[in-house]
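Inspection log for the structure reproduced underneath, given as structure tokens.
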Amino acid sequence: MASVDAAVSAGGGRDAGALVRAAAPAARFVFRGRDAAVATVASALGTPLSLEPCRASQSVGRIALWLGPDEWLLIAPRSEGGLVASVLAKALGGVPHALVDVSDRNSALIVSGPAVEDVLSAGCPLDLDQAAFPVGMCTRTLFAKAEIVLWRTAPAEFRVEVARSFLPYVEGVLAVAVRDGG
Amino acid sequence: MQYSFLNLVRQGLSGHQDWPAQWRSPEPKTAYDVVVVGAGGHGLATAYYLAKEHGITNVAVLEKGWLGGGNTGRNTTIIRSNYLWEESEAIYEHALRLWETLSRELNYNVMYSPRGVMMLAHNVHDVQVFKRHVHANRLAGIDNEWLSPEEAKAFCPPLNISRQLRYPVLGGALQRRGGVARHDAVAWGYARGADRLGVDIIQNCEVTGIRRDINGAVEGVETTRGTIKAKKVGVVAAGHTSVLMAMASLRMPIESFPLQALVSEPIKPVLPCVVMSNSIHAYISQSDKGELVIGAGTDVYTSYSQTGGLHITTHTLEAIAELFPTFRRLRMMRNWGGIVDVTPDRSPIIGTTPVPGLFVNCGWGTGGFKATPGSGHVFAATIARGEPHPIAAPFSLERFVTGRLIDEAAAAAVAH
Amino acid sequence: MLLIHCPYCAMERPEIEFRHAGEAHVARAPDPSQLDDETWAEFLYFRSNPKGVHAERWRHVHGCGRFFNALRDTVSDRLLVTYKAGEVRPELPPQEHSR
Amino acid sequence: MSAGAFRTATGGRIDRTHTLRFTFDGRPLQGCAGDTLASALLANGRHLVGRSFKYHRPRGIVTSGSEEPNALVTVVRDGGRTTPNLRATQVELYDGLTAISQNRWPSLTRDLGAINDKLSLMFPAGFYYKTFMGPRFLPENWAWTKVFEPAIRRAAGLGRAPTSADPDRYASRYAHCDVLVAGAGPAGLAAALAAAEAGARVIVADEQSEMGGSLLSASRGAINGVPTAQCAADALAQLAGHARVRLLPRTTVFGYFAQNMAGLAERISDHDPSPDPEGPRERLWQVRARHVVIATGAIERPLVFSNNDRPGIMLAGAALTYLNRYGVTPGQRAVIAGSHDGIYAAALDLAGVGVEVAAVLDTRADPQSAAMAAALDAGLPIRTGTCIVGSRGHLRVSEIMIGAPMADGSIRDAGRIPCDCLLMSGGWTPSVHLFSQSRGKLRFDAAAGVFLPGVSAQSETSAGACGGASGLAAVIESGAAAGRTAAQACGFGLGRARAYRVEGILEATEATGHVNAPRLPQGMAKAFVDFQNDVTSRDLELAAREGFRSIEHIKRYTTTGMATDQGKTSNMNALALVSGTLNTTVPDVGLTTFRQPYTPVTFGTLAGMARGDLFDPIRRTSIDGWAQGKGAAFEDVGTWKRAWYFPRAKEDMHAAVARECRTVRAAVGVFDASTLGKIEVVGPDAAEFLERMYVNAFKALKPGRCRYGILLNEAGFVIDDGVIARLAQDRFHVTTTTGGAASVLNMMEDYLQTEWPDLQVWLTSTTEQWAVIAVQGPRARDVIAPLVDGADVGGEALPHMSVCEAKVAGVPARLFRVSFTGELGFEINVPVGAGRSVWEAVAARVEDAGGCAYGTEAMHVLRAEKGYIIVGQETDGTVIPEDLGLGWAIGKSKADFVGRRSLVRPDMIRTDRKQLVGLLTRGRDVLLDDGAQVTSVAAPAKGTAALGHVTSSYHSSVLGKSIALALVRGGRGLMGQRLHVPMPKGAVEVEVVSPVFYDPKGEKLNG
Ligand SMILES: Cc1cc2nc3c(=O)[nH]c(=O)nc-3n(C[C@H](O)[C@H](O)[C@H](O)COP(=O)(O)OP(=O)(O)OC[C@H]3O[C@@H](n4cnc5c(N)ncnc54)[C@H](O)[C@@H]3O)c2cc1C
Ligand SMILES: NC(=O)c1ccc[n+]([C@@H]2O[C@H](COP(=O)([O-])OP(=O)(O)OC[C@H]3O[C@@H](n4cnc5c(N)ncnc54)[C@H](O)[C@@H]3O)[C@@H](O)[C@H]2O)c1
Ligand SMILES: Cc1cc2nc3c(=O)[nH]c(=O)nc-3n(C[C@H](O)[C@H](O)[C@H](O)COP(=O)(O)O)c2cc1C
Ligand SMILES: [Zn+2]
């Protein structure tokens, strides 16, 4: 911010610059279980499941978002849904756990751009500064009056998972926020 | 000196030099027949009726702060009696009848203003619930009528009845005898009335202990101004009830929550009645001074702090601005909180306790201002006779054991 | 709006992500049918509602979803400590009581 | 001279080359860019701007900031943008601004309401409590409600509310920072710089359009060699250079909440003559700061003397601001009075631009200061030991009366001084509002006579004048120190302290000046303490005389401090007066509570973007678009929109619902049940868990079968119900009511996590995973069979209350054989993404089969015909299963489940509880009202207790009559009896019947 004006306009300017787009269709599973099952899932999925709170892990397009101490949201390309389901089912065999297909439950948006923090801050009460919400952090939280799962995928990019029926609302609030520069 | 127009004129001519104190500030005596703990509207009314109706004048009302400074001094003053259950109808209607004659009774203009309380329905379920109220109330002889959206608008012109609203107004239940009163005047009027009958109102006197004799019966209270003896103690401490009852080792079915209210800057009259919307949490009227008086919801956690979170306020104003889009540019001038004592069934507790000589009147939660005269009246009778007044009887503590709750919340969300 | 440390997320989060869940350590009897009406009523309805340090339950409902316990001063509304469900109520350093 | 006769030739921060036109009460005037409405009015010699609340006294501009009590105006804009009660001192001038005065009729100069001033003896504080109760010969309250109260209401209020809806938008933002600095005067700027230089993330907010606070009003002196007036700009430029600093001008820190959360109101577009119609007008900031620096300055106090409220009487500090910041002189001949050195600086500056200084009156007997010496040097007429006792003038002060206090407390007449303005300073009150809101404890500084921040309750520091610092050097020093402390509190290093060298300032010798002992009026004259609410010294005395001791009582009785300025200029004066009258000390009387907001905040700002469609989420099912296409009417159920009925040409609701019901019974209907809550309960202990939660037995339920589940709360009352299917040994598909979805899941998690953590079972919400298409009616099987692949939908393979997996219309589905209509029924659950397409395939076949889509209303009628309950309609939180005739559902052999213990409490086993029954009206078409009461006689006496109430009432087109469900005391024992339902047009006779009106044997379930 070179001048007073620039500093001020970041608070209210309209050229703030953030883009909202739909994420590619995905297969999703909620996996819940205890330690034994967690390890099994990780190896079957090919992605470690973060045991550290509020952290995402991913490899080869398979994503595991920590949602709670016994709950992960697994995301894979839509086309791999069936495969993932069967691989996990097989691996988990007799291990107590819950694996529930929620592919259609959520929709996802990608919000990106230099003003992404301000735009999301129009509705999200969390500190989105990179020091507080680094790349790789994920969590359930609120966006205005909707619950979302927020995952920072890059310094200026977040993925927003939202229950399907809340999508128009979240998009509506985001549109206003983008227009207002947050 | 009687309050009257004539005396006002007379005093005006002599510079208002001769008005006596509205109440004394006496030193506490060592003993009283009855000690009332809490100089809110309910406690003061209790003392007034003890003296007036039961001839018990050797009474002290002990107040830890300034009289009327609890919820009596911080509520949105909505008065109505169109409650659902017969037990509730009885007590709130008893109170409403007293409101109608209260100013002259006390010789103090409490500015009771029956301008109508309208409760809005926003969905089919609301409509069903309110119609049930209307029918129940009519049977009980309590006025309550159903208004179409257009009738609601005619009664309250600034109301937005657009069908496009997120939660459109599908109609409303109107109690015309409902309204508001000047909250401070209620406390002051009862204080002056009780004082004139000989009651000692002792402010800045916090009760810190309840003394019991070897049989466990009450024999007095400890206060920050010394021990005061009394064989009968009535606790009327609203949000602080649990704290006081704990002094007698009693646990209560009560939790204390912050409840907020706010006023706008004063404007010329725009809102002729009281409007309540339970399902989107908004309560609004306009005071005689011109401010919009707006009630919000409770915070979710128990607290004794008389403040609340901003998000509760914003939530309320969202609803107000949606229902009254012409108010959106008006401004909040002051926001405050009170501590309300909430029972599991949102109905009060009035009566005896397991401790002989100890009486309690509490649990009015978010809606006890309207009950002030009736509550004081039946509680005075209960203390005087040592057994519950018939109207108070259903509101016993025992109901939580038997399960015979009087659940106003179940049927109608919040009850202001 | 309070700021509450979630012991499962291991960070402070804003109050609106949580749902308050009443007094903590009010245990449900293993076999309620053994209780008399008074004791059952005590469990259902009677609460300590203290002015001062209060043990209460919160759920991080719009977060990790876990229920946990907190000690909060109901006069200042300050959260003194939070701890996981099932853990015993922690002792507070003496000065915390007096605040 | 452009833009006003009272404009100085040079100086100030306005742009003299840029003239702005505006009108006040219709009169065209001119100002300059950079003016406020107040400064522009003053530049035109206009002091009279409003009328007071009660007595309608003519009033002028008293201050230059947000504390202004008098100069409230309505700014008129297009449409619903007109705004009342704005402070002229805060309204930034723009070209074309239209302002009008308030609370006067017919005009500001001739206001009929001023009669109140003449009659004021009848209107002391609290007069209304003492009268208006009669006359006795009229009914109680009649005169009050019909005559007096309406008159009082009409007289009260200030401006008028807009008459059309506000078209503007409001934005909101959460923000986080290390250090929030409230106020950007010298203290705030120094704090912000220090914190920023230490590396902290900083937000600086100032309510004014330009940052700099008192620096903007400085006329002399320099900091580190830079002229003071330039210093603010330099500091701001430096701050702007820090990437982690956010500067928010026009932003009021209005509230300080728990755990260092602050509420900020940013005004974005009101100062703009033609604001961007798309942009927001204001923005709410909810800032969570690790440390807060409060640098909000101090507020000057008026003097209290007779008629101290005339236009032309203003605060000395304000006059300095008008002069030095706006290039405006307050008049031609000024008297400057006070008990504080500030008066000398004001006098010197005014004299410097050619204003005639008629007198400088210092109430102090023997003041000694550099400032006074400078004034003496300049030859100004100074009188010490002198006070003001009154003023004269009609719409503007023309003369003041002065006196000399004598040793015995009396005052000797010391003459009169003609003038056209009086500039007063009763000393300064530190702005401890935010500190106090943070729940910090104030302390009384007896030496300075002010309340100052004492013990902090949160992580904050007060700096500058609000913290008691006096003199610019000390103010800056305290600001810089606060900034460093703040950064350190956030874990940043202390860093190098900047040095500030202040020169050439006329420093005050005392921080604030004692609260001026008021010079109380004689005779009829009034001395105002709270200007806006017209509270006089006499009102305060009266309150004390009437026994009000607590300042809280006095506030409420007299309304002092309760106006829109919340006593910013008046509270300390009131306090001094009261403590004098009560013969105690100021700290003993104490302050009233400081509450947010610091200055009023627009409702719209607080409501933010929550309006219209964004008020609350609008949730629509995947099939909703289809229903809209068919012209369905919708109803709100929680946050969902549900198709209510599907009217065809010319049909009203009644006709549509009747047709839908008949069609379902005769052929088949299709219904969107997607909003039902769904929870997948999985794990080895799933059955055990459900067994404990629900009243029903689930351990015995076989995979592939369903059971109707009833959920109680621990008090035994029904709170939810739904069909629960066992998909596998360890997997259940639980459904809940639409409204109960979230709370049931929460309750289940609660028991699982805290009561039975040992159970190995996990819950996942699948409400939004599945679209649910209910196909009900005798032809239901015919309709779906061809679409189903991989399962036998025959009655043997898929009996009532069973479930299977299959493909429906090519989509993997969970297919339930269940019925909420009493007809043969299926509920097809498919992933939401395929919901619409499967629905369309099913709906097409339904139509071919002579069926139709039906909405929630028909669903309600159909289930009522069968006596099926709806939670929330037949139940209201006070109903136990037995009341509903659902006792059979309770697992008899179960030792425990949620709510079981409560069912044997005394009140639950009473025999006269209300029980669910059916009611048939005598006339087949008479429809009972929902909620109508049931009585034993047709015309019960007033106050008779009802036997019960109607829970559901419909016209059944299928049965050709009206039906109702009701909860009636001992109802199951009253079968066949006649009761009555009082309705507005008279009681209706009803017969008590079984709640199952249709197909009591349940034969239709099998098609
Ligand atoms: C924001 C808000 C809005 C409301 N709106 C409405 C409404 O619109 N309509 C309505 O009917 N009701 C409303 N209510 C509820 C209503 O205010 C209360 O139910 C009612 O005023 C209670 O009166 P009270 O006399 O019992 O209690 P209070 O007025 O609170 O009096 C209790 C007194 O006990 C004193 N006390 C406590 N502990 C001690 C002790 N140890 N020793 C001595 N004294 C003690 C307290 O200081 C207090 O003065 C509202 C409440 C709030 C907070
Ligand atoms: N202490 C005294 O008695 C006294 C008297 C007069 C002048 N002064 C001088 O005034 C200066 C004081 O400097 P300072 O920095 O402490 O105060 P200041 O008055 O210069 O600055 C305070 C700033 O805070 C802003 N502000 C106040 N409340 C606010 C809120 N709630 N939200 C947002 N902004 C808000 C004001 O608009 C102002 O710009 C010094 O130069 C001092 O010598 C002091
Ligand atoms: C019905 C009602 C109207 C009020 N009107 C005003 C008002 O016009 N001005 C004002 O400053 N406060 C008003 N208040 C608020 C009081 O100033 C005060 O905030 C409230 O009594 C709580 O006390 P506290 O803020 O001192 O804790 C009003 C309060 C009530 C209950
Ligand atoms: Zn958490």
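The chains in the structure tokens are called A, B, ... from first to last as shown; in each chain the residues are counted from 1, and the ligands are counted from 1 in the order shown.
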Using DSSP on the backbone, list every residue of region 624-825 of chain D that comes out as helix (DSSP H, G or I), and give them as a count of residues only. 51
Check: which chain D residues lie within 10 Å of chain C using only C-alpha atoms, as number ranges by chain: D: 257-262, 286, 288, 439, 457-458, 714-715, 746, 749-755, 757, 895-902, 904-906
Going by DSSP on the backbone, which bits of region 25-101 of chain B are strand (DSSP E or B)? Write them as a CSV table (one decimal) with all heavy atoms, in the first residue's frame, please.
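File part_11.csv, as written:
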```csv
chain,number,residue,atom,x,y,z
B,31,ALA,N,-35.2,-5.6,63.4
B,31,ALA,CA,-36.1,-6.7,63.1
B,31,ALA,C,-37.3,-6.2,62.4
B,31,ALA,O,-37.8,-5.1,62.7
B,31,ALA,CB,-36.5,-7.5,64.4
B,34,VAL,N,-41.7,-8.9,58.2
B,34,VAL,CA,-41.3,-9.5,56.9
B,34,VAL,C,-40.2,-8.7,56.3
B,34,VAL,O,-40.2,-7.5,56.3
B,34,VAL,CB,-42.5,-9.5,55.9
B,34,VAL,CG1,-42.2,-10.0,54.6
B,34,VAL,CG2,-43.8,-10.2,56.5
B,35,VAL,N,-39.2,-9.5,55.7
B,35,VAL,CA,-38.2,-8.9,54.9
B,35,VAL,C,-38.4,-9.3,53.5
B,35,VAL,O,-38.5,-10.5,53.2
B,35,VAL,CB,-36.8,-9.2,55.4
B,35,VAL,CG1,-35.7,-9.1,54.3
B,35,VAL,CG2,-36.4,-8.4,56.6
B,36,VAL,N,-38.5,-8.3,52.6
B,36,VAL,CA,-38.5,-8.6,51.2
B,36,VAL,C,-37.1,-8.4,50.6
B,36,VAL,O,-36.6,-7.3,50.8
B,36,VAL,CB,-39.6,-7.8,50.5
B,36,VAL,CG1,-39.5,-8.0,49.0
B,36,VAL,CG2,-41.0,-8.1,51.0
B,37,VAL,N,-36.5,-9.3,50.0
B,37,VAL,CA,-35.2,-9.1,49.4
B,37,VAL,C,-35.4,-8.8,47.9
B,37,VAL,O,-35.9,-9.6,47.1
B,37,VAL,CB,-34.4,-10.4,49.5
B,37,VAL,CG1,-33.0,-10.1,49.0
B,37,VAL,CG2,-34.3,-10.8,50.9
B,59,VAL,N,-42.4,-3.9,57.6
B,59,VAL,CA,-41.8,-4.6,56.5
B,59,VAL,C,-40.6,-3.8,56.0
B,59,VAL,O,-40.6,-2.6,55.9
B,59,VAL,CB,-42.8,-4.7,55.3
B,59,VAL,CG1,-42.1,-5.4,54.1
B,59,VAL,CG2,-44.0,-5.5,55.7
B,60,ALA,N,-39.5,-4.6,55.7
B,60,ALA,CA,-38.4,-3.9,55.0
B,60,ALA,C,-38.2,-4.5,53.6
B,60,ALA,O,-38.3,-5.7,53.5
B,60,ALA,CB,-37.1,-4.1,55.8
B,61,VAL,N,-37.9,-3.7,52.7
B,61,VAL,CA,-37.5,-4.1,51.4
B,61,VAL,C,-36.0,-3.8,51.3
B,61,VAL,O,-35.6,-2.7,51.4
B,61,VAL,CB,-38.2,-3.4,50.2
B,61,VAL,CG1,-37.8,-4.0,48.9
B,61,VAL,CG2,-39.7,-3.5,50.4
B,62,LEU,N,-35.2,-4.9,51.1
B,62,LEU,CA,-33.7,-4.7,51.1
B,62,LEU,C,-33.2,-4.7,49.6
B,62,LEU,O,-33.6,-5.6,48.9
B,62,LEU,CB,-33.0,-5.8,51.9
B,62,LEU,CG,-33.5,-6.0,53.3
B,62,LEU,CD1,-32.7,-7.0,54.0
B,62,LEU,CD2,-33.5,-4.7,54.1
B,79,ILE,N,-46.7,-5.2,28.0
B,79,ILE,CA,-47.7,-5.7,28.9
B,79,ILE,C,-48.8,-6.4,28.1
B,79,ILE,O,-49.3,-5.8,27.1
B,79,ILE,CB,-48.3,-4.5,29.7
B,79,ILE,CG1,-47.3,-3.9,30.6
B,79,ILE,CG2,-49.5,-5.0,30.6
B,79,ILE,CD1,-47.8,-2.6,31.3
```
How would you report the residues lying within 7 Å of ligand 2, as a PyMOL selection string, if you count only C-alpha atoms and all ligand atoms? chain D and resi 182-188+205-208+211-215+251-254+295-298+342+427-428+430+434+463-466+468-472+475+507+511-512+598
Kindly compile the residues surrounding ligand 3 within 8 Å, counting only C-alpha atoms and all ligand atoms, and format them as a ChimeraX atom specification. /B:69,72-77,182-184,261-266,287,289-291,293,306,333-338 /D:552,556,559,561-564,566,592-595
Could those residues be written to a file, using N, CA, C and O atoms, as a short mmCIF file (atom, residue, chain, number, x, y, z; two decimals), in the first residue's frame?
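After the write, out-v6.cif holds the following:
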```
data_model
loop_
_atom_site.label_atom_id
_atom_site.label_comp_id
_atom_site.auth_asym_id
_atom_site.auth_seq_id
_atom_site.Cartn_x
_atom_site.Cartn_y
_atom_site.Cartn_z
N GLY B 69 -33.44 -0.80 39.91
CA GLY B 69 -32.27 -0.86 39.03
C GLY B 69 -32.02 -2.21 38.41
O GLY B 69 -31.10 -2.38 37.61
N THR B 72 -36.47 -4.44 36.32
CA THR B 72 -37.56 -3.47 36.27
C THR B 72 -37.10 -2.21 35.53
O THR B 72 -37.87 -1.60 34.80
N GLY B 73 -35.85 -1.86 35.71
CA GLY B 73 -35.34 -0.64 35.09
C GLY B 73 -34.73 -0.85 33.73
O GLY B 73 -34.16 0.08 33.17
N ARG B 74 -34.83 -2.05 33.21
CA ARG B 74 -34.15 -2.28 31.93
C ARG B 74 -34.97 -3.12 30.97
O ARG B 74 -34.42 -3.73 30.06
N ASN B 75 -36.26 -3.15 31.16
CA ASN B 75 -37.06 -4.01 30.26
C ASN B 75 -37.80 -3.20 29.22
O ASN B 75 -37.90 -1.99 29.30
N THR B 76 -38.32 -3.91 28.23
CA THR B 76 -38.98 -3.23 27.11
C THR B 76 -40.45 -2.95 27.39
O THR B 76 -41.18 -2.55 26.50
N THR B 77 -40.87 -3.22 28.60
CA THR B 77 -42.16 -2.78 29.18
C THR B 77 -43.40 -3.31 28.47
O THR B 77 -44.46 -2.69 28.55
N ARG B 182 -44.57 3.02 31.90
CA ARG B 182 -43.27 3.65 32.19
C ARG B 182 -42.62 2.87 33.33
O ARG B 182 -43.01 3.00 34.49
N HIS B 183 -41.62 2.07 32.96
CA HIS B 183 -41.08 1.09 33.91
C HIS B 183 -40.57 1.72 35.21
O HIS B 183 -40.86 1.23 36.29
N ASP B 184 -39.80 2.81 35.09
CA ASP B 184 -39.25 3.40 36.32
C ASP B 184 -40.36 3.87 37.25
O ASP B 184 -40.29 3.70 38.47
N ALA B 261 -31.56 -5.09 25.41
CA ALA B 261 -32.54 -4.21 24.79
C ALA B 261 -31.79 -2.99 24.28
O ALA B 261 -30.62 -2.78 24.62
N LEU B 262 -32.45 -2.21 23.47
CA LEU B 262 -31.80 -1.02 22.94
C LEU B 262 -32.85 0.02 22.60
O LEU B 262 -34.03 -0.31 22.44
N VAL B 263 -32.41 1.25 22.51
CA VAL B 263 -33.31 2.31 22.05
C VAL B 263 -32.66 3.04 20.89
O VAL B 263 -31.44 3.16 20.79
N SER B 264 -33.53 3.56 20.03
CA SER B 264 -33.06 4.41 18.93
C SER B 264 -33.03 5.85 19.42
O SER B 264 -33.48 6.16 20.52
N GLU B 265 -32.52 6.71 18.57
CA GLU B 265 -32.66 8.13 18.85
C GLU B 265 -34.15 8.47 18.79
O GLU B 265 -34.92 7.82 18.09
N PRO B 266 -34.57 9.50 19.54
CA PRO B 266 -36.00 9.83 19.51
C PRO B 266 -36.43 10.39 18.17
O PRO B 266 -35.70 11.16 17.54
N SER B 287 -41.49 4.74 22.70
CA SER B 287 -41.77 5.33 24.01
C SER B 287 -42.42 6.70 23.83
O SER B 287 -42.38 7.28 22.75
N LYS B 289 -41.33 9.32 24.82
CA LYS B 289 -40.28 10.30 24.53
C LYS B 289 -39.85 10.25 23.07
O LYS B 289 -39.15 11.14 22.61
N GLY B 290 -40.21 9.17 22.40
CA GLY B 290 -39.92 9.10 20.98
C GLY B 290 -38.93 8.03 20.55
O GLY B 290 -38.80 7.75 19.37
N GLU B 291 -38.19 7.44 21.48
CA GLU B 291 -37.26 6.40 21.05
C GLU B 291 -38.01 5.13 20.69
O GLU B 291 -39.03 4.81 21.30
N VAL B 293 -38.09 1.43 21.27
CA VAL B 293 -37.57 0.55 22.31
C VAL B 293 -37.62 -0.86 21.76
O VAL B 293 -38.69 -1.34 21.38
N GLN B 306 -24.94 -8.21 32.91
CA GLN B 306 -25.75 -7.10 32.40
C GLN B 306 -25.22 -6.51 31.09
O GLN B 306 -25.45 -5.33 30.79
N MET B 333 -29.18 4.23 19.85
CA MET B 333 -28.60 5.24 20.72
C MET B 333 -27.97 4.62 21.97
O MET B 333 -26.94 5.09 22.46
N ARG B 334 -28.59 3.58 22.48
CA ARG B 334 -28.05 2.95 23.68
C ARG B 334 -28.50 1.49 23.71
O ARG B 334 -29.62 1.18 23.34
N ASN B 335 -27.61 0.66 24.16
CA ASN B 335 -27.87 -0.78 24.22
C ASN B 335 -27.45 -1.24 25.62
O ASN B 335 -26.43 -0.82 26.13
N TRP B 336 -28.29 -2.06 26.25
CA TRP B 336 -27.95 -2.50 27.60
C TRP B 336 -28.45 -3.92 27.81
O TRP B 336 -29.08 -4.50 26.94
N GLY B 337 -28.17 -4.44 28.97
CA GLY B 337 -28.62 -5.80 29.25
C GLY B 337 -29.14 -5.91 30.66
O GLY B 337 -28.84 -5.09 31.53
N GLY B 338 -29.93 -6.93 30.87
CA GLY B 338 -30.38 -7.30 32.20
C GLY B 338 -30.08 -8.78 32.42
O GLY B 338 -29.63 -9.46 31.50
N GLU D 552 -28.18 7.25 39.38
CA GLU D 552 -28.97 6.50 38.40
C GLU D 552 -30.43 6.93 38.46
O GLU D 552 -31.10 7.03 37.44
N ARG D 556 -32.58 9.05 35.53
CA ARG D 556 -33.85 8.60 34.96
C ARG D 556 -35.00 9.54 35.28
O ARG D 556 -35.95 9.65 34.52
N THR D 559 -33.91 12.76 33.20
CA THR D 559 -33.43 12.39 31.85
C THR D 559 -32.08 13.03 31.51
O THR D 559 -31.72 13.10 30.34
N GLY D 561 -28.43 13.20 30.56
CA GLY D 561 -27.51 12.20 29.98
C GLY D 561 -28.19 11.17 29.13
O GLY D 561 -27.54 10.24 28.66
N MET D 562 -29.50 11.32 28.90
CA MET D 562 -30.21 10.29 28.15
C MET D 562 -30.54 10.70 26.72
O MET D 562 -31.27 10.02 26.03
N ALA D 563 -30.00 11.82 26.30
CA ALA D 563 -30.29 12.27 24.94
C ALA D 563 -29.34 11.60 23.95
O ALA D 563 -28.55 10.74 24.32
N THR D 564 -29.39 12.04 22.71
CA THR D 564 -28.62 11.34 21.68
C THR D 564 -27.11 11.49 21.88
O THR D 564 -26.33 10.72 21.35
N GLN D 566 -25.86 11.27 24.85
CA GLN D 566 -25.58 10.46 26.04
C GLN D 566 -24.74 11.21 27.07
O GLN D 566 -23.87 10.65 27.72
N THR D 592 -22.91 7.29 35.93
CA THR D 592 -23.82 6.30 35.37
C THR D 592 -23.01 5.41 34.43
O THR D 592 -21.86 5.71 34.11
N THR D 593 -23.64 4.32 34.02
CA THR D 593 -22.91 3.34 33.23
C THR D 593 -22.68 3.81 31.79
O THR D 593 -23.60 4.31 31.15
N PHE D 594 -21.45 3.68 31.33
CA PHE D 594 -21.16 3.95 29.93
C PHE D 594 -21.61 2.73 29.13
O PHE D 594 -21.20 1.61 29.42
N ARG D 595 -22.39 2.93 28.14
CA ARG D 595 -22.87 1.83 27.31
C ARG D 595 -22.55 2.10 25.86
O ARG D 595 -22.48 3.25 25.44
#
```
Please provide as a PyMOL selection string all residues within 7 Å of Lys51 (chain C), with the sequence filter that same-chain residues fewer than 6 positions apart are discarded (counting only C-alpha atoms). (chain B and resi 243+304) or (chain C and resi 74-75)
Show me which residues are within 9 Å of ligand 4 counting only C-alpha atoms and all ligand atoms, and format the list as a VMD selection string. (chain A and resid 53 to 54 67 to 69 139 to 140) or (chain C and resid 5 to 13 17 to 18 59 to 68)
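When only C-alpha atoms and all ligand atoms are used to compute distances to ligand 1, the closest of the residues B:Ile142, B:Ile214, B:Met1, B:Val275 turns out to be B:Val275.
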Write out as a PyMOL selection string each polymer residue whose atoms come within 9 Å of region 397-411 of chain B, counting only C-alpha atoms; drop sequence neighbours fewer than 4 positions from it. (chain B and resi 83-85+87-88+129+252-253+344-347+349-353+415) or (chain C and resi 37-42+44-46) or (chain D and resi 715+872+876-878+902+905-908)
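Considering only C-alpha atoms, the residue among A:Leu83, A:Val170, A:Val116, A:Ala144 positioned nearest to chain B is A:Ala144.
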Select, from D:Pro367, D:Pro1000, D:Pro684, D:Pro69, the residue with the minimum atom-to-atom distance to Pro96 (chain A), counting only C-alpha atoms. D:Pro684
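Between CA of Pro881 (chain D) and CA of Ile710 (chain D) the interatomic distance comes to 8.0 Å.
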Quick one: of D:Gly739, D:Gly96, D:Pro381, D:Gly393, who's nearest to chain B, counting only C-alpha atoms? D:Gly739
Near region 616-624 of chain D, within 8 Å and counting only C-alpha atoms, which residues show up once chain neighbours fewer than 2 positions away are dropped, as a PyMOL selection string? (chain A and resi 145-146+165-166+168-169) or (chain B and resi 166) or (chain D and resi 610-611+613-614+626-628+639-643+672+674-675+771+832-833+835-836+839)
Tell me, as a ChimeraX atom specification, which residues lie within 6 Å of region 17-25 of chain B, counting only C-alpha atoms; anything in the same chain fewer than 6 positions away does not count. /B:192,195 /D:546-547
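CA of Ile383 (chain B) to CA of Ala90 (chain B) spans 19.3 Å [interatomic distance, one decimal].
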Skip Arg59 (chain D) itself and residues of its chain fewer than 6 positions away, then list as a ChimeraX atom specification all residues within 12 Å of it, counting only C-alpha atoms. /D:46-53,68-73,101-104,108-109,114,307-314,393-397,528,531-532,534
